[in-house]
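Asker: The following file, final.tsv, comprises TSV, C-alpha atoms and all ligand atoms:
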```
chain	number	residue	atom	x	y	z
A	1	MET	CA	-40.23	-7.65	0.36
A	2	VAL	CA	-37.32	-7.65	2.76
A	3	LYS	CA	-33.65	-7.31	1.94
A	4	LEU	CA	-31.36	-8.59	4.64
A	5	ARG	CA	-27.63	-8.48	4.99
A	6	ALA	CA	-25.52	-11.13	6.65
A	7	LYS	CA	-21.84	-11.31	7.37
A	8	CYS	CA	-20.53	-14.74	6.45
A	9	ILE	CA	-17.13	-15.86	7.63
A	10	VAL	CA	-15.48	-18.42	5.39
A	11	ALA	CA	-13.15	-20.37	7.67
A	12	GLY	CA	-10.97	-23.44	7.37
A	13	ASP	CA	-7.37	-24.50	6.89
A	14	ALA	CA	-5.20	-23.14	4.09
A	15	ALA	CA	-5.63	-24.67	0.62
A	16	VAL	CA	-9.02	-26.35	1.25
A	17	GLY	CA	-10.63	-24.19	-1.45
A	18	LYS	CA	-12.20	-21.27	0.44
A	19	SER	CA	-11.13	-18.74	-2.16
A	20	ALA	CA	-12.02	-21.05	-5.04
A	21	LEU	CA	-15.58	-21.35	-3.68
A	22	THR	CA	-16.08	-17.66	-2.98
A	23	GLN	CA	-14.60	-16.63	-6.30
A	24	LEU	CA	-17.09	-18.89	-8.10
A	25	LEU	CA	-19.90	-16.93	-6.51
A	26	ARG	CA	-18.36	-13.67	-7.59
A	27	SER	CA	-18.28	-14.77	-11.21
A	28	ASP	CA	-21.77	-16.17	-11.60
A	29	GLY	CA	-23.39	-12.96	-12.73
A	30	ALA	CA	-25.91	-12.43	-9.95
A	31	HIS	CA	-27.89	-9.24	-10.32
A	32	PHE	CA	-26.08	-7.28	-7.68
A	33	GLN	CA	-22.47	-7.82	-6.76
A	34	LYS	CA	-19.84	-5.68	-5.23
A	35	ASN	CA	-16.40	-6.80	-4.28
A	36	TYR	CA	-13.77	-5.33	-2.06
A	37	THR	CA	-10.19	-6.14	-1.38
A	38	MET	CA	-9.07	-4.95	1.98
A	39	THR	CA	-5.47	-4.15	2.75
A	40	ALA	CA	-5.68	-6.20	5.93
A	41	GLY	CA	-5.76	-9.41	3.92
A	42	VAL	CA	-9.46	-10.09	3.89
A	43	GLU	CA	-11.40	-10.16	0.67
A	44	ILE	CA	-15.11	-9.52	0.76
A	45	VAL	CA	-17.33	-11.00	-1.93
A	46	VAL	CA	-20.99	-10.00	-1.98
A	47	LYS	CA	-23.56	-12.56	-3.07
A	48	ALA	CA	-27.30	-11.91	-3.24
A	49	VAL	CA	-29.44	-14.97	-2.55
A	50	SER	CA	-33.20	-15.08	-3.19
A	51	ILE	CA	-35.29	-16.83	-0.59
A	52	PRO	CA	-37.63	-19.41	-2.17
A	53	ASP	CA	-41.39	-18.87	-1.88
A	54	SER	CA	-40.96	-15.22	-0.93
A	55	SER	CA	-39.88	-11.95	-2.44
A	56	ASP	CA	-37.18	-11.62	0.20
A	57	SER	CA	-33.46	-11.79	-0.35
A	58	VAL	CA	-30.32	-12.01	1.72
A	59	GLU	CA	-27.13	-10.34	0.69
A	60	LEU	CA	-24.23	-12.39	2.00
A	61	TYR	CA	-20.99	-10.55	2.67
A	62	LEU	CA	-18.46	-13.33	2.41
A	63	PHE	CA	-15.25	-12.69	4.35
A	64	ASP	CA	-12.44	-14.69	2.81
A	65	SER	CA	-9.08	-14.44	4.48
A	66	ALA	CA	-6.07	-14.15	2.21
A	67	GLY	CA	-4.07	-17.17	3.25
A	68	LYS	CA	-2.89	-16.24	6.72
A	69	GLU	CA	-4.97	-18.86	8.43
A	70	VAL	CA	-2.32	-19.67	11.03
A	71	PHE	CA	-2.72	-16.28	12.63
A	72	MET	CA	-6.08	-16.88	14.14
A	73	ASP	CA	-5.82	-14.10	16.68
A	74	MET	CA	-5.26	-11.62	13.95
A	75	LEU	CA	-8.16	-12.96	11.96
A	76	GLU	CA	-10.48	-12.61	14.90
A	77	LYS	CA	-9.75	-8.92	15.05
A	78	GLN	CA	-10.38	-8.52	11.36
A	79	TRP	CA	-13.59	-10.51	11.31
A	80	GLY	CA	-15.63	-9.01	14.07
A	81	GLU	CA	-18.94	-10.61	14.81
A	82	PRO	CA	-20.32	-12.95	12.13
A	83	SER	CA	-23.99	-13.62	11.33
A	84	VAL	CA	-23.38	-16.97	9.62
A	85	LEU	CA	-20.46	-19.35	9.25
A	86	CYS	CA	-19.16	-21.34	6.29
A	87	LEU	CA	-16.60	-23.86	7.50
A	88	VAL	CA	-14.62	-25.55	4.72
A	89	PHE	CA	-12.40	-28.63	4.67
A	90	ASP	CA	-10.85	-30.76	1.93
A	91	VAL	CA	-12.34	-34.27	1.68
A	92	THR	CA	-8.89	-35.62	0.76
A	93	SER	CA	-7.32	-34.21	3.94
A	94	GLU	CA	-8.15	-35.69	7.31
A	95	PRO	CA	-6.18	-32.96	9.16
A	96	SER	CA	-8.25	-30.24	7.47
A	97	PHE	CA	-11.41	-32.00	8.74
A	98	LYS	CA	-9.99	-32.32	12.28
A	99	SER	CA	-9.19	-28.59	12.26
A	100	CYS	CA	-12.85	-27.73	11.84
A	101	ALA	CA	-13.48	-28.25	15.56
A	102	LYS	CA	-10.79	-25.69	16.33
A	103	TRP	CA	-12.18	-23.22	13.79
A	104	LEU	CA	-15.67	-23.62	15.15
A	105	ASP	CA	-14.48	-22.90	18.70
A	106	GLN	CA	-12.65	-19.81	17.53
A	107	VAL	CA	-15.63	-18.39	15.73
A	108	ARG	CA	-18.15	-19.26	18.44
A	109	ALA	CA	-15.90	-17.67	21.06
A	110	GLN	CA	-16.36	-14.29	19.44
A	111	CYS	CA	-20.01	-14.70	18.65
A	112	HIS	CA	-22.40	-13.20	21.18
A	113	SER	CA	-25.51	-14.12	19.29
A	114	LEU	CA	-27.17	-17.29	20.56
A	115	GLN	CA	-27.85	-18.55	17.08
A	116	LEU	CA	-25.04	-18.78	14.57
A	117	PRO	CA	-26.27	-20.71	11.54
A	118	GLY	CA	-23.45	-22.62	9.90
A	119	VAL	CA	-22.61	-25.06	7.14
A	120	LEU	CA	-19.76	-27.49	6.97
A	121	VAL	CA	-18.47	-27.84	3.41
A	122	GLY	CA	-16.46	-30.85	2.25
A	123	ASN	CA	-14.75	-29.55	-0.88
A	124	LYS	CA	-12.75	-31.29	-3.68
A	125	THR	CA	-15.17	-34.18	-4.24
A	126	ASP	CA	-13.72	-34.49	-7.76
A	127	LEU	CA	-10.65	-36.12	-6.16
A	128	SER	CA	-12.72	-39.17	-5.26
A	129	ALA	CA	-9.80	-41.64	-5.45
A	130	ARG	CA	-8.02	-39.66	-2.74
A	131	ARG	CA	-10.97	-39.20	-0.43
A	132	ALA	CA	-9.91	-39.46	3.22
A	133	VAL	CA	-13.08	-38.30	5.00
A	134	GLU	CA	-16.31	-40.24	4.43
A	135	PHE	CA	-19.55	-38.40	3.77
A	136	THR	CA	-21.30	-39.98	6.76
A	137	THR	CA	-18.41	-39.17	9.14
A	138	ALA	CA	-18.49	-35.51	8.18
A	139	GLN	CA	-22.27	-35.33	8.20
A	140	GLU	CA	-22.49	-36.89	11.63
A	141	TRP	CA	-19.97	-34.49	13.13
A	142	ALA	CA	-21.70	-31.52	11.46
A	143	SER	CA	-25.07	-32.61	12.76
A	144	ASN	CA	-23.71	-32.97	16.32
A	145	GLN	CA	-22.43	-29.41	16.05
A	146	GLY	CA	-25.73	-28.09	14.70
A	147	LEU	CA	-24.31	-27.49	11.23
A	148	GLU	CA	-25.68	-28.42	7.83
A	149	TYR	CA	-23.39	-30.53	5.67
A	150	CYS	CA	-22.73	-30.03	1.94
A	151	GLU	CA	-20.16	-31.46	-0.43
A	152	THR	CA	-18.79	-29.42	-3.32
A	153	SER	CA	-16.22	-29.38	-6.04
A	154	ALA	CA	-15.11	-25.87	-6.82
A	155	LYS	CA	-13.02	-27.29	-9.63
A	156	GLU	CA	-15.96	-28.99	-11.35
A	157	MET	CA	-18.29	-26.14	-10.28
A	158	GLU	CA	-20.45	-28.71	-8.57
A	159	ASN	CA	-22.98	-27.79	-5.89
A	160	TYR	CA	-21.05	-24.64	-5.01
A	161	GLU	CA	-24.13	-22.51	-4.43
A	162	ALA	CA	-25.78	-24.97	-2.02
A	163	PRO	CA	-23.91	-23.95	1.16
A	164	PHE	CA	-24.69	-20.29	0.59
A	165	GLN	CA	-28.35	-20.94	-0.22
A	166	SER	CA	-28.63	-22.89	2.98
A	167	LEU	CA	-26.97	-20.15	5.04
A	168	ALA	CA	-29.14	-17.41	3.55
A	169	GLN	CA	-32.29	-19.42	4.26
A	170	ALA	CA	-31.23	-20.15	7.84
A	171	PHE	CA	-30.48	-16.47	8.42
A	172	HIS	CA	-33.84	-15.49	6.94
A	173	ARG	CA	-35.63	-18.01	9.18
A	174	ILE	CA	-34.03	-16.52	12.29
A	175	TYR	CA	-35.04	-13.05	11.15
A	176	GLN	CA	-38.64	-14.19	10.73
A	177	GLU	CA	-38.68	-15.88	14.11
A	178	ARG	CA	-37.43	-12.72	15.78
A	179	LEU	CA	-39.99	-10.67	13.92
A	180	GLU	CA	-42.76	-12.96	15.14
A	181	VAL	CA	-41.56	-12.62	18.73
A	182	ILE	CA	-41.54	-8.84	18.44
A	183	GLN	CA	-44.97	-8.80	16.83
A	184	SER	CA	-46.38	-11.05	19.54
A	185	LEU	CA	-45.22	-8.56	22.15
A	186	ALA	CA	-46.82	-5.58	20.45
B	201	LIG	P1	-7.85	-21.53	0.28
B	201	LIG	O1	-6.46	-21.40	0.82
B	201	LIG	O2	-8.72	-22.30	1.24
B	201	LIG	O3	-8.45	-20.24	-0.13
B	201	LIG	O4	-7.74	-22.49	-1.01
B	201	LIG	P2	-7.73	-22.07	-2.55
B	201	LIG	O5	-9.10	-21.69	-3.00
B	201	LIG	O6	-6.65	-21.10	-2.78
B	201	LIG	O7	-7.38	-23.47	-3.23
B	201	LIG	C1	-6.20	-24.17	-2.90
B	201	LIG	C2	-5.84	-25.11	-4.04
B	201	LIG	O8	-6.83	-26.14	-4.17
B	201	LIG	C3	-5.77	-24.41	-5.39
B	201	LIG	O9	-4.71	-24.97	-6.12
B	201	LIG	C4	-7.10	-24.74	-6.03
B	201	LIG	O10	-7.02	-24.76	-7.43
B	201	LIG	C5	-7.37	-26.12	-5.47
B	201	LIG	N1	-8.81	-26.42	-5.38
B	201	LIG	C6	-9.77	-25.64	-4.83
B	201	LIG	N2	-10.97	-26.25	-4.92
B	201	LIG	C7	-10.77	-27.44	-5.52
B	201	LIG	C8	-11.61	-28.53	-5.92
B	201	LIG	O11	-12.84	-28.55	-5.72
B	201	LIG	N3	-11.01	-29.62	-6.51
B	201	LIG	C9	-9.67	-29.65	-6.76
B	201	LIG	N4	-9.19	-30.74	-7.36
B	201	LIG	N5	-8.86	-28.64	-6.43
B	201	LIG	C10	-9.38	-27.55	-5.81
B	202	MG	MG	-7.70	-18.29	0.11
```
Kindly return the structure encoded in the file as structure tokens.
Ligand code: GDP
Ligand code: MG
Answerer:
Amino acid sequence: MVKLRAKCIVAGDAAVGKSALTQLLRSDGAHFQKNYTMTAGVEIVVKAVSIPDSSDSVELYLFDSAGKEVFMDMLEKQWGEPSVLCLVFDVTSEPSFKSCAKWLDQVRAQCHSLQLPGVLVGNKTDLSARRAVEFTTAQEWASNQGLEYCETSAKEMENYEAPFQSLAQAFHRIYQERLEVIQSLA
């Protein structure tokens, strides 16, 4: 039984639903949750995720910035090095989707690890009449960037755990791969 910890940066333009998604995780009554509010404007929500077909778990420390997304330089200093990335846009906002490339560059620039598992999240699927970014467009871009793609509605509480399950599993896989390499050397 292994318990891992991963630092998950929740990035994306203002008002796409980053806080709505992380706050849903906080409230779902998982067995072990701690929450912090930092004076620097970053809220940390802790979410424990069980890894299927194992007794292992990953505790995700979700870093949610408190609405100062324009100051990317400042955020970089607050974030430090991430282990996984959750990149959020609003499916009714084309600009918020376009910004994802910029966010990804920013986060990768400060990431020294070769593997940074990430998910792209298209949020607000409940606003289907106002959808501006097609599923396949987003999925294709995500796939080209090596990201998983999920769609969610924080408002309808739909699929909101999926991105975090996927990130925890990807992080766990990398851990196991590294362990196997180390064991093969021994
Ligand atoms: P953040 O700036 O990315 O943290 O965005 P927030 O979580 O503060 O959400 C911005 C606004 O979008 C708020 O008014 C939320 O109620 C709303 N919102 C968030 N998620 C959804 C969603 O899935 N559907 C709809 N319709 N509104 C949402
Ligand atoms: Mg927020």
Asker: When the cut-off is 6 Å and you count all atoms listed in the file, which residues lie near ligand LIG 201 (chain B), shown as a PyMOL selection string?
Answerer: chain A and resi 14-20+67+123-124+126-127+153-155
Asker: Could you tell me which of A:Ala11, A:Ser93, A:Arg26, A:Lys47 comes closest to ligand MG 202 (chain B) if we count only C-alpha atoms and all ligand atoms?
Answerer: A:Ala11
Asker: Nearest to ligand MG 202 (chain B): which of A:Ile44, A:Ser50, A:Asp64, A:Ser57 is it, counting only C-alpha atoms and all ligand atoms?
Answerer: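 That would be A:Asp64, the residue with the smallest distance to ligand MG 202 (chain B).
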Asker: Extract, using all atoms listed in the file, all DNA, RNA and protein residues at most 12 Å from Ala168 of chain A, discarding same-chain residues fewer than 2 positions from it, and format them as a PDB file with C-alpha atoms, keeping the file's coordinate frame.
Answerer:
```
ATOM      1  CA  LYS A   3     -33.650  -7.310   1.940  1.00  0.00           C
ATOM      2  CA  LEU A   4     -31.360  -8.590   4.640  1.00  0.00           C
ATOM      3  CA  ARG A   5     -27.630  -8.480   4.990  1.00  0.00           C
ATOM      4  CA  ALA A   6     -25.520 -11.130   6.650  1.00  0.00           C
ATOM      5  CA  LYS A   7     -21.840 -11.310   7.370  1.00  0.00           C
ATOM      6  CA  CYS A   8     -20.530 -14.740   6.450  1.00  0.00           C
ATOM      7  CA  LYS A  47     -23.560 -12.560  -3.070  1.00  0.00           C
ATOM      8  CA  ALA A  48     -27.300 -11.910  -3.240  1.00  0.00           C
ATOM      9  CA  VAL A  49     -29.440 -14.970  -2.550  1.00  0.00           C
ATOM     10  CA  SER A  50     -33.200 -15.080  -3.190  1.00  0.00           C
ATOM     11  CA  ILE A  51     -35.290 -16.830  -0.590  1.00  0.00           C
ATOM     12  CA  PRO A  52     -37.630 -19.410  -2.170  1.00  0.00           C
ATOM     13  CA  ASP A  56     -37.180 -11.620   0.200  1.00  0.00           C
ATOM     14  CA  SER A  57     -33.460 -11.790  -0.350  1.00  0.00           C
ATOM     15  CA  VAL A  58     -30.320 -12.010   1.720  1.00  0.00           C
ATOM     16  CA  GLU A  59     -27.130 -10.340   0.690  1.00  0.00           C
ATOM     17  CA  LEU A  60     -24.230 -12.390   2.000  1.00  0.00           C
ATOM     18  CA  TYR A  61     -20.990 -10.550   2.670  1.00  0.00           C
ATOM     19  CA  LEU A  62     -18.460 -13.330   2.410  1.00  0.00           C
ATOM     20  CA  SER A  83     -23.990 -13.620  11.330  1.00  0.00           C
ATOM     21  CA  VAL A  84     -23.380 -16.970   9.620  1.00  0.00           C
ATOM     22  CA  LEU A  85     -20.460 -19.350   9.250  1.00  0.00           C
ATOM     23  CA  CYS A  86     -19.160 -21.340   6.290  1.00  0.00           C
ATOM     24  CA  LEU A 116     -25.040 -18.780  14.570  1.00  0.00           C
ATOM     25  CA  PRO A 117     -26.270 -20.710  11.540  1.00  0.00           C
ATOM     26  CA  GLY A 118     -23.450 -22.620   9.900  1.00  0.00           C
ATOM     27  CA  VAL A 119     -22.610 -25.060   7.140  1.00  0.00           C
ATOM     28  CA  GLU A 161     -24.130 -22.510  -4.430  1.00  0.00           C
ATOM     29  CA  ALA A 162     -25.780 -24.970  -2.020  1.00  0.00           C
ATOM     30  CA  PRO A 163     -23.910 -23.950   1.160  1.00  0.00           C
ATOM     31  CA  PHE A 164     -24.690 -20.290   0.590  1.00  0.00           C
ATOM     32  CA  GLN A 165     -28.350 -20.940  -0.220  1.00  0.00           C
ATOM     33  CA  SER A 166     -28.630 -22.890   2.980  1.00  0.00           C
ATOM     34  CA  ALA A 170     -31.230 -20.150   7.840  1.00  0.00           C
ATOM     35  CA  PHE A 171     -30.480 -16.470   8.420  1.00  0.00           C
ATOM     36  CA  HIS A 172     -33.840 -15.490   6.940  1.00  0.00           C
ATOM     37  CA  ARG A 173     -35.630 -18.010   9.180  1.00  0.00           C
ATOM     38  CA  ILE A 174     -34.030 -16.520  12.290  1.00  0.00           C
ATOM     39  CA  TYR A 175     -35.040 -13.050  11.150  1.00  0.00           C
TER      40      TYR A 175
END
```
Asker: So what do you get for atom CA of Leu24 of chain A versus atom CA of Met157 of chain A, distance-wise?
Answerer: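 We find that atom CA of Leu24 of chain A and atom CA of Met157 of chain A lie 7.7 Å from each other.
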Asker: In Å to one decimal, how far is atom CA of Met1 of chain A from atom CA of Leu185 of chain A?
Answerer: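 Interatomic distance here is 22.4 Å.
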Asker: Around segment 6-20 of chain A, fit a box with edges along x, y and z, padding it by 8 Å on each side, then list its centre and edge lengths in Å to one decimal as JSON.
Answerer:
```
{"center_x": -15.4, "center_y": -18.7, "center_z": 1.3, "size_x": 36.3, "size_y": 31.2, "size_z": 28.7}
```
Asker: So how many Å separate atom CA of Gln115 of chain A and atom CA of Ile9 of chain A, to one decimal?
Answerer: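 About the pair atom CA of Gln115 of chain A and atom CA of Ile9 of chain A: they are 14.5 Å apart.
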Asker: Residues within 10 Å of Ser96 of chain A, please, as a list in words. Count only C-alpha atoms; anything in the same chain fewer than 4 positions from it doesn't count.
Answerer: Gly12, Asp13, Ala14, Ala15, Val16, Val88, Phe89, Asp90, Val91, Thr92, Cys100, Ala101, Gly122 and Val133 of chain A
Asker: Applying 12 Å and all atoms listed in the file, which residues near Glu140 of chain A remain after dropping the ones on its own chain fewer than 6 positions away? List them as a compact mmCIF listing (two decimals) with C-alpha atoms, in the frame of the given file.
Answerer:
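Saved result, selection-v9.txt, follows:
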```txt
# COMPACT_ATOMS: atom_id res chain seq x y z
CA LEU A 120 -19.76 -27.49 6.97
CA VAL A 133 -13.08 -38.30 5.00
CA GLU A 134 -16.31 -40.24 4.43
CA GLY A 146 -25.73 -28.09 14.70
CA LEU A 147 -24.31 -27.49 11.23
CA GLU A 148 -25.68 -28.42 7.83
CA TYR A 149 -23.39 -30.53 5.67
CA CYS A 150 -22.73 -30.03 1.94
```
Asker: Let me make sure I understand: among A:Cys111, A:Val42, A:Leu104, A:Leu167, which one has the smallest atom-to-atom distance to ligand MG 202 (chain B) if we use all atoms listed in the file?
Answerer: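 Counting all atoms listed in the file, the residue closest to ligand MG 202 (chain B) is A:Val42.
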Asker: Using only C-alpha atoms and all ligand atoms for the distances, tell me which of A:Ala109, A:Leu21, A:Leu87, A:Ala132 is nearest to ligand MG 202 (chain B).
Answerer: A:Leu21
Asker: Pick from A:Val2, A:Gln145, A:Pro82, A:Gln23: nearest to ligand MG 202 (chain B), with all atoms listed in the file counted?
Answerer: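 For ligand MG 202 (chain B), the nearest of the candidates is A:Gln23.
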